[in-house]
Amino acid sequence: MILPPTSEQELLERAYTLAGFTLGELASLQGIDCPADLRREKGWVGMLLESCLGATAGSKPEQDFQDLGIELKSIPVSHTGKPLETTFVCVAPLTGVHGLTWENSHIRNKLSKVLWVPVEGEREIPLAERHVGMPLMWQPSAEEEHQLKADWEELMEFIVLGKVHEISARHGEYLQLRPKAANSKVTTEAYGAKGQPIKTLPRGFYLRTQFTARILARHFMLPESE
DNA sequence: CTATGATCATGC
DNA sequence: GCATGATCATAG
């Protein structure tokens with residue numbers, strides 16, 4: 001059990017010490033068994049890093065390091081350093097959204113400061129042999145925040161108008177809305193077209209790989225297309 | 001059910 | 001090849 005870091009600098013320093021280790025090495029340091037693959041434990045890498053960095057385990061709907069105002073995100077990357085998956089941010093509110101603005105939204109709070117930890121994610125590499133990369137402390141630039149806010153407002157408009165069913169993952173330039181559930185039969189409450197309550201699949205906000213790729217590229221000075 | 005941690009697997 | 005829609009484990 002590792003105590004929570006008491007400052008942003010301490011957290012970042014700890015994250016730097018993880019760089020270069022394999023997941024198998026970190027798992028054994030934590031006394032955790034490394035699964036053969038992630039098919040049945042998709043969040044395993046994220047949980048491992050939480051434990052290595054002293055994040056409080058649990059499912060609190062807040063930042064991982066709330067005292068520091070920092071969210072931890074592991075991100076699977078290719079050998080060229082590009083994200084292999086979109087990044088889940090949080091569940092999307094489908095009811096009780098009257099008066100909700102970007103400024104006071106849960107998602108904005110989560111993305112206000114993020115410690116990104118890249119991890120080799122190609123399936124050809126056995127899980128235990130995948131390396132942890134250099135961490136990156138990120139805060140959205142004014143431009144990035146503007147882009148996220150625009151997408152969020154577009155998506156929330158559908159939700160408020162009772163048009164959840166019209167939203168697909170194709171909406172949103174950088175932020176998208178996709179299912180977030182154990183399976184497609186799970187339901188949660190949302191607004192219908194006439195304002196009546198309906199049951200629908202829970203959705204989550206995800207950052208497109210294009211967005212996270214730019215964050216990593218700008219920080220690590222990787223070639224950026226476009 | 002909600003939340004956390006995400007990646008899988010198939011269709012295009 | 002890659003994005004979308006579906007899915008897995010766990011805690012409360």
# chains A, B, ... in the order shown; residues from 1 in each chain; ligands from 1
$ residues_around --residues "Arg214 of chain A" --least-positions-apart "4" --cutoff "12 Å" --atoms "only C-alpha atoms (C1' of nucleotides)" --output "compact mmCIF listing (two decimals) with N, CA, C and O atoms, in the first residue's frame"
# COMPACT_ATOMS: atom_id res chain seq x y z
N GLY A 81 3.97 5.92 -30.54
CA GLY A 81 3.50 6.85 -29.53
C GLY A 81 2.10 7.37 -29.74
O GLY A 81 1.67 8.32 -29.08
N LYS A 82 1.37 6.76 -30.66
CA LYS A 82 0.00 7.23 -30.91
C LYS A 82 -1.01 6.41 -30.11
O LYS A 82 -0.86 5.19 -29.98
N PRO A 83 -2.03 7.08 -29.58
CA PRO A 83 -3.06 6.38 -28.80
C PRO A 83 -3.76 5.30 -29.62
O PRO A 83 -4.08 5.50 -30.80
N TRP A 138 -0.94 17.41 -17.77
CA TRP A 138 -1.61 18.23 -18.79
C TRP A 138 -2.77 19.03 -18.24
O TRP A 138 -3.51 18.54 -17.40
N PRO A 140 -5.80 21.56 -20.08
CA PRO A 140 -6.25 21.97 -21.41
C PRO A 140 -5.89 23.42 -21.70
O PRO A 140 -6.02 24.29 -20.83
N SER A 141 -5.42 23.66 -22.91
CA SER A 141 -5.15 25.04 -23.34
C SER A 141 -6.51 25.70 -23.56
O SER A 141 -7.55 25.02 -23.59
N GLU A 144 -8.06 24.07 -26.54
CA GLU A 144 -8.56 22.72 -26.27
C GLU A 144 -9.85 22.76 -25.47
O GLU A 144 -10.81 22.03 -25.75
N TYR A 174 -14.12 16.21 -31.02
CA TYR A 174 -13.07 15.68 -30.14
C TYR A 174 -13.62 14.87 -28.98
O TYR A 174 -12.95 14.00 -28.45
N LEU A 207 -12.81 10.80 -25.13
CA LEU A 207 -11.95 11.67 -25.95
C LEU A 207 -11.48 10.88 -27.15
O LEU A 207 -10.99 9.75 -27.01
N ARG A 208 -11.64 11.44 -28.33
CA ARG A 208 -11.18 10.76 -29.55
C ARG A 208 -9.65 10.66 -29.54
O ARG A 208 -8.96 11.50 -28.95
N THR A 209 -9.14 9.67 -30.24
CA THR A 209 -7.68 9.48 -30.27
C THR A 209 -6.98 10.67 -30.93
O THR A 209 -5.86 11.00 -30.58
N GLN A 210 -7.67 11.31 -31.84
CA GLN A 210 -7.08 12.47 -32.51
C GLN A 210 -6.74 13.57 -31.50
O GLN A 210 -5.71 14.23 -31.60
N ARG A 218 2.41 17.08 -28.84
CA ARG A 218 2.93 18.40 -28.50
C ARG A 218 3.90 18.33 -27.33
O ARG A 218 4.91 19.02 -27.29
N HIS A 219 3.60 17.46 -26.39
CA HIS A 219 4.46 17.36 -25.21
C HIS A 219 5.78 16.67 -25.53
O HIS A 219 6.85 17.10 -25.09
N PHE A 220 5.69 15.57 -26.27
CA PHE A 220 6.90 14.79 -26.54
C PHE A 220 7.56 15.18 -27.84
O PHE A 220 8.51 14.54 -28.27
N MET A 221 7.03 16.21 -28.49
CA MET A 221 7.56 16.70 -29.77
C MET A 221 7.59 15.60 -30.82
O MET A 221 8.56 15.44 -31.56
N LEU A 222 6.52 14.84 -30.84
CA LEU A 222 6.37 13.81 -31.87
C LEU A 222 5.81 14.49 -33.12
O LEU A 222 5.18 15.54 -33.03
N PRO A 223 6.06 13.89 -34.27
CA PRO A 223 5.50 14.49 -35.50
C PRO A 223 3.98 14.55 -35.42
O PRO A 223 3.33 13.61 -35.02
N GLU A 224 3.46 15.68 -35.80
CA GLU A 224 2.03 15.91 -35.76
C GLU A 224 1.51 16.11 -37.17
O GLU A 224 1.93 17.04 -37.85
N SER A 225 0.61 15.27 -37.60
CA SER A 225 0.04 15.49 -38.93
C SER A 225 -1.09 16.50 -38.83
O SER A 225 -1.62 16.75 -37.76
N GLU A 226 -1.49 17.05 -39.96
CA GLU A 226 -2.52 18.09 -40.12
C GLU A 226 -2.04 19.47 -39.88
O GLU A 226 -1.17 19.88 -39.35
$ residues_around --residues "segment 6-12 of chain C" --least-positions-apart "5" --cutoff "9 Å" --atoms "only C-alpha atoms (C1' of nucleotides)" --output "PDB file with N, CA and C atoms (P, O5', C5', C4', C3', O3' and C1' of nucleotides), in the first residue's frame"
ATOM      1  N   LEU A  38      -6.088  -8.512 -21.441  1.00  0.00           N
ATOM      2  CA  LEU A  38      -7.048  -7.614 -20.795  1.00  0.00           C
ATOM      3  C   LEU A  38      -8.499  -7.937 -21.128  1.00  0.00           C
ATOM      4  N   ARG A  39      -8.723  -9.055 -21.817  1.00  0.00           N
ATOM      5  CA  ARG A  39     -10.085  -9.343 -22.271  1.00  0.00           C
ATOM      6  C   ARG A  39     -11.103  -9.391 -21.137  1.00  0.00           C
ATOM      7  N   ARG A  40     -10.672  -9.904 -20.016  1.00  0.00           N
ATOM      8  CA  ARG A  40     -11.605 -10.004 -18.891  1.00  0.00           C
ATOM      9  C   ARG A  40     -11.302  -9.001 -17.788  1.00  0.00           C
ATOM     10  N   GLU A  41     -10.300  -8.183 -17.977  1.00  0.00           N
ATOM     11  CA  GLU A  41      -9.950  -7.166 -16.969  1.00  0.00           C
ATOM     12  C   GLU A  41      -9.468  -5.903 -17.668  1.00  0.00           C
ATOM     13  N   LYS A  42     -10.405  -5.271 -18.332  1.00  0.00           N
ATOM     14  CA  LYS A  42     -10.035  -4.132 -19.181  1.00  0.00           C
ATOM     15  C   LYS A  42      -9.443  -2.955 -18.422  1.00  0.00           C
ATOM     16  N   GLY A  43      -9.793  -2.834 -17.154  1.00  0.00           N
ATOM     17  CA  GLY A  43      -9.266  -1.711 -16.403  1.00  0.00           C
ATOM     18  C   GLY A  43      -8.035  -2.041 -15.585  1.00  0.00           C
ATOM     19  N   TRP A  44      -7.442  -3.212 -15.860  1.00  0.00           N
ATOM     20  CA  TRP A  44      -6.334  -3.680 -15.017  1.00  0.00           C
ATOM     21  C   TRP A  44      -5.136  -2.729 -15.014  1.00  0.00           C
ATOM     22  N   GLY A  58     -11.109   2.793  -5.437  1.00  0.00           N
ATOM     23  CA  GLY A  58     -12.517   3.004  -5.181  1.00  0.00           C
ATOM     24  C   GLY A  58     -13.201   3.599  -6.382  1.00  0.00           C
ATOM     25  N   SER A  59     -14.494   3.800  -6.246  1.00  0.00           N
ATOM     26  CA  SER A  59     -15.247   4.307  -7.390  1.00  0.00           C
ATOM     27  C   SER A  59     -15.906   5.634  -7.059  1.00  0.00           C
ATOM     28  N   PRO A 179     -21.877   4.223 -25.652  1.00  0.00           N
ATOM     29  CA  PRO A 179     -22.388   3.383 -24.571  1.00  0.00           C
ATOM     30  C   PRO A 179     -21.326   3.161 -23.502  1.00  0.00           C
ATOM     31  N   LYS A 180     -21.796   3.078 -22.290  1.00  0.00           N
ATOM     32  CA  LYS A 180     -20.906   2.807 -21.145  1.00  0.00           C
ATOM     33  C   LYS A 180     -21.708   1.951 -20.190  1.00  0.00           C
ATOM     34  N   ALA A 181     -21.638   0.647 -20.383  1.00  0.00           N
ATOM     35  CA  ALA A 181     -22.445  -0.253 -19.573  1.00  0.00           C
ATOM     36  C   ALA A 181     -21.877  -1.653 -19.628  1.00  0.00           C
ATOM     37  N   ALA A 182     -22.399  -2.493 -18.756  1.00  0.00           N
ATOM     38  CA  ALA A 182     -21.942  -3.879 -18.727  1.00  0.00           C
ATOM     39  C   ALA A 182     -22.335  -4.601 -20.018  1.00  0.00           C
ATOM     40  N   ASN A 183     -23.489  -4.219 -20.568  1.00  0.00           N
ATOM     41  CA  ASN A 183     -23.953  -4.792 -21.840  1.00  0.00           C
ATOM     42  C   ASN A 183     -25.074  -3.918 -22.379  1.00  0.00           C
ATOM     43  N   SER A 184     -25.570  -4.260 -23.551  1.00  0.00           N
ATOM     44  CA  SER A 184     -26.541  -3.388 -24.226  1.00  0.00           C
ATOM     45  C   SER A 184     -27.953  -3.480 -23.646  1.00  0.00           C
TER      46      SER A 184
ATOM     47  P    DT B   2     -28.039   3.673 -13.579  1.00  0.00           P
ATOM     48  O5'  DT B   2     -26.921   4.172 -12.549  1.00  0.00           O
ATOM     49  C5'  DT B   2     -27.258   5.097 -11.504  1.00  0.00           C
ATOM     50  C4'  DT B   2     -26.079   5.182 -10.563  1.00  0.00           C
ATOM     51  C3'  DT B   2     -24.766   5.504 -11.269  1.00  0.00           C
ATOM     52  O3'  DT B   2     -24.554   6.894 -11.321  1.00  0.00           O
ATOM     53  C1'  DT B   2     -24.474   3.707  -9.759  1.00  0.00           C
ATOM     54  P    DA B   3     -23.530   7.469 -12.400  1.00  0.00           P
ATOM     55  O5'  DA B   3     -22.076   6.986 -11.938  1.00  0.00           O
ATOM     56  C5'  DA B   3     -21.408   7.674 -10.874  1.00  0.00           C
ATOM     57  C4'  DA B   3     -20.278   6.820 -10.331  1.00  0.00           C
ATOM     58  C3'  DA B   3     -19.102   6.569 -11.272  1.00  0.00           C
ATOM     59  O3'  DA B   3     -18.226   7.679 -11.281  1.00  0.00           O
ATOM     60  C1'  DA B   3     -19.654   4.595 -10.102  1.00  0.00           C
ATOM     61  P    DT B   4     -17.145   7.866 -12.429  1.00  0.00           P
ATOM     62  O5'  DT B   4     -16.043   6.793 -12.037  1.00  0.00           O
ATOM     63  C5'  DT B   4     -15.388   6.864 -10.768  1.00  0.00           C
ATOM     64  C4'  DT B   4     -14.519   5.631 -10.582  1.00  0.00           C
ATOM     65  C3'  DT B   4     -13.549   5.363 -11.726  1.00  0.00           C
ATOM     66  O3'  DT B   4     -12.387   6.147 -11.547  1.00  0.00           O
ATOM     67  C1'  DT B   4     -14.625   3.358 -11.101  1.00  0.00           C
ATOM     68  P    DG B   5     -11.529   6.557 -12.800  1.00  0.00           P
ATOM     69  O5'  DG B   5     -10.984   5.186 -13.406  1.00  0.00           O
ATOM     70  C5'  DG B   5     -10.056   4.415 -12.661  1.00  0.00           C
ATOM     71  C4'  DG B   5      -9.832   3.083 -13.358  1.00  0.00           C
ATOM     72  C3'  DG B   5      -9.552   3.195 -14.859  1.00  0.00           C
ATOM     73  O3'  DG B   5      -8.210   3.633 -15.075  1.00  0.00           O
ATOM     74  C1'  DG B   5     -10.952   1.332 -14.386  1.00  0.00           C
ATOM     75  P    DT B   7      -7.128   0.792 -22.386  1.00  0.00           P
ATOM     76  O5'  DT B   7      -7.859  -0.527 -22.890  1.00  0.00           O
ATOM     77  C5'  DT B   7      -7.716  -1.721 -22.143  1.00  0.00           C
ATOM     78  C4'  DT B   7      -8.547  -2.819 -22.771  1.00  0.00           C
ATOM     79  C3'  DT B   7      -8.146  -3.164 -24.203  1.00  0.00           C
ATOM     80  O3'  DT B   7      -8.217  -4.582 -24.308  1.00  0.00           O
ATOM     81  C1'  DT B   7     -10.427  -2.506 -24.134  1.00  0.00           C
ATOM     82  P    DC B   8      -7.946  -5.369 -25.699  1.00  0.00           P
ATOM     83  O5'  DC B   8      -9.436  -5.837 -26.014  1.00  0.00           O
ATOM     84  C5'  DC B   8     -10.190  -6.451 -24.971  1.00  0.00           C
ATOM     85  C4'  DC B   8     -11.526  -6.921 -25.518  1.00  0.00           C
ATOM     86  C3'  DC B   8     -11.442  -7.723 -26.811  1.00  0.00           C
ATOM     87  O3'  DC B   8     -12.473  -8.697 -26.741  1.00  0.00           O
ATOM     88  C1'  DC B   8     -12.717  -5.764 -27.179  1.00  0.00           C
ATOM     89  P    DA B   9     -12.412  -9.950 -27.754  1.00  0.00           P
ATOM     90  O5'  DA B   9     -13.301  -9.441 -28.971  1.00  0.00           O
ATOM     91  C5'  DA B   9     -14.676  -9.181 -28.743  1.00  0.00           C
ATOM     92  C4'  DA B   9     -15.337  -8.744 -30.057  1.00  0.00           C
ATOM     93  C3'  DA B   9     -14.816  -9.465 -31.304  1.00  0.00           C
ATOM     94  O3'  DA B   9     -15.907  -9.518 -32.181  1.00  0.00           O
ATOM     95  C1'  DA B   9     -14.469  -7.200 -31.570  1.00  0.00           C
TER      96       DA B   9
END
$ closest_atom_pairs --of "chain A" --to "chain B" --cutoff "10 Å" --atoms "only C-alpha atoms (C1' of nucleotides)" --output "Markdown table"
| residue | atom | partner | partner_atom | distance |
| --- | --- | --- | --- | --- |
| A:Leu38 | CA | B:DT7 | C1' | 7.0 |
| A:Arg39 | CA | B:DC8 | C1' | 6.6 |
| A:Arg40 | CA | B:DT7 | C1' | 9.2 |
| A:Glu41 | CA | B:DA6 | C1' | 8.5 |
| A:Lys42 | CA | B:DA6 | C1' | 5.1 |
| A:Gly43 | CA | B:DG5 | C1' | 4.0 |
| A:Trp44 | CA | B:DG5 | C1' | 6.8 |
| A:Val45 | CA | B:DG5 | C1' | 8.1 |
| A:Gly46 | CA | B:DG5 | C1' | 5.7 |
| A:Met47 | CA | B:DG5 | C1' | 6.0 |
| A:Leu48 | CA | B:DG5 | C1' | 9.6 |
| A:Glu50 | CA | B:DG5 | C1' | 9.4 |
| A:Ala57 | CA | B:DT4 | C1' | 8.5 |
| A:Gly58 | CA | B:DT4 | C1' | 6.3 |
| A:Ser59 | CA | B:DT4 | C1' | 3.9 |
| A:Lys60 | CA | B:DA3 | C1' | 6.5 |
| A:Pro61 | CA | B:DA3 | C1' | 6.2 |
| A:Glu62 | CA | B:DT4 | C1' | 9.5 |
| A:Asp64 | CA | B:DT4 | C1' | 9.9 |
| A:Lys73 | CA | B:DG5 | C1' | 9.4 |
| A:Ser74 | CA | B:DA6 | C1' | 9.1 |
| A:Ile75 | CA | B:DA6 | C1' | 9.4 |
| A:Pro76 | CA | B:DT7 | C1' | 9.5 |
| A:Leu84 | CA | B:DT7 | C1' | 9.7 |
| A:Glu85 | CA | B:DT7 | C1' | 7.7 |
| A:Thr86 | CA | B:DA6 | C1' | 9.4 |
| A:Thr87 | CA | B:DA6 | C1' | 8.0 |
| A:Phe88 | CA | B:DA6 | C1' | 7.0 |
| A:Val89 | CA | B:DA6 | C1' | 9.9 |
| A:Cys90 | CA | B:DT4 | C1' | 9.3 |
| A:Val91 | CA | B:DA3 | C1' | 8.5 |
| A:Gly121 | CA | B:DT7 | C1' | 9.9 |
| A:Val186 | CA | B:DC1 | C1' | 9.3 |
| A:Thr187 | CA | B:DC1 | C1' | 8.9 |
| A:Thr188 | CA | B:DC1 | C1' | 8.2 |
$ closest_residue --among "A:Met156, A:Ile2, A:Val77, A:Ala193" --to "Arg123 of chain A" --atoms "only C-alpha atoms"
A:Val77
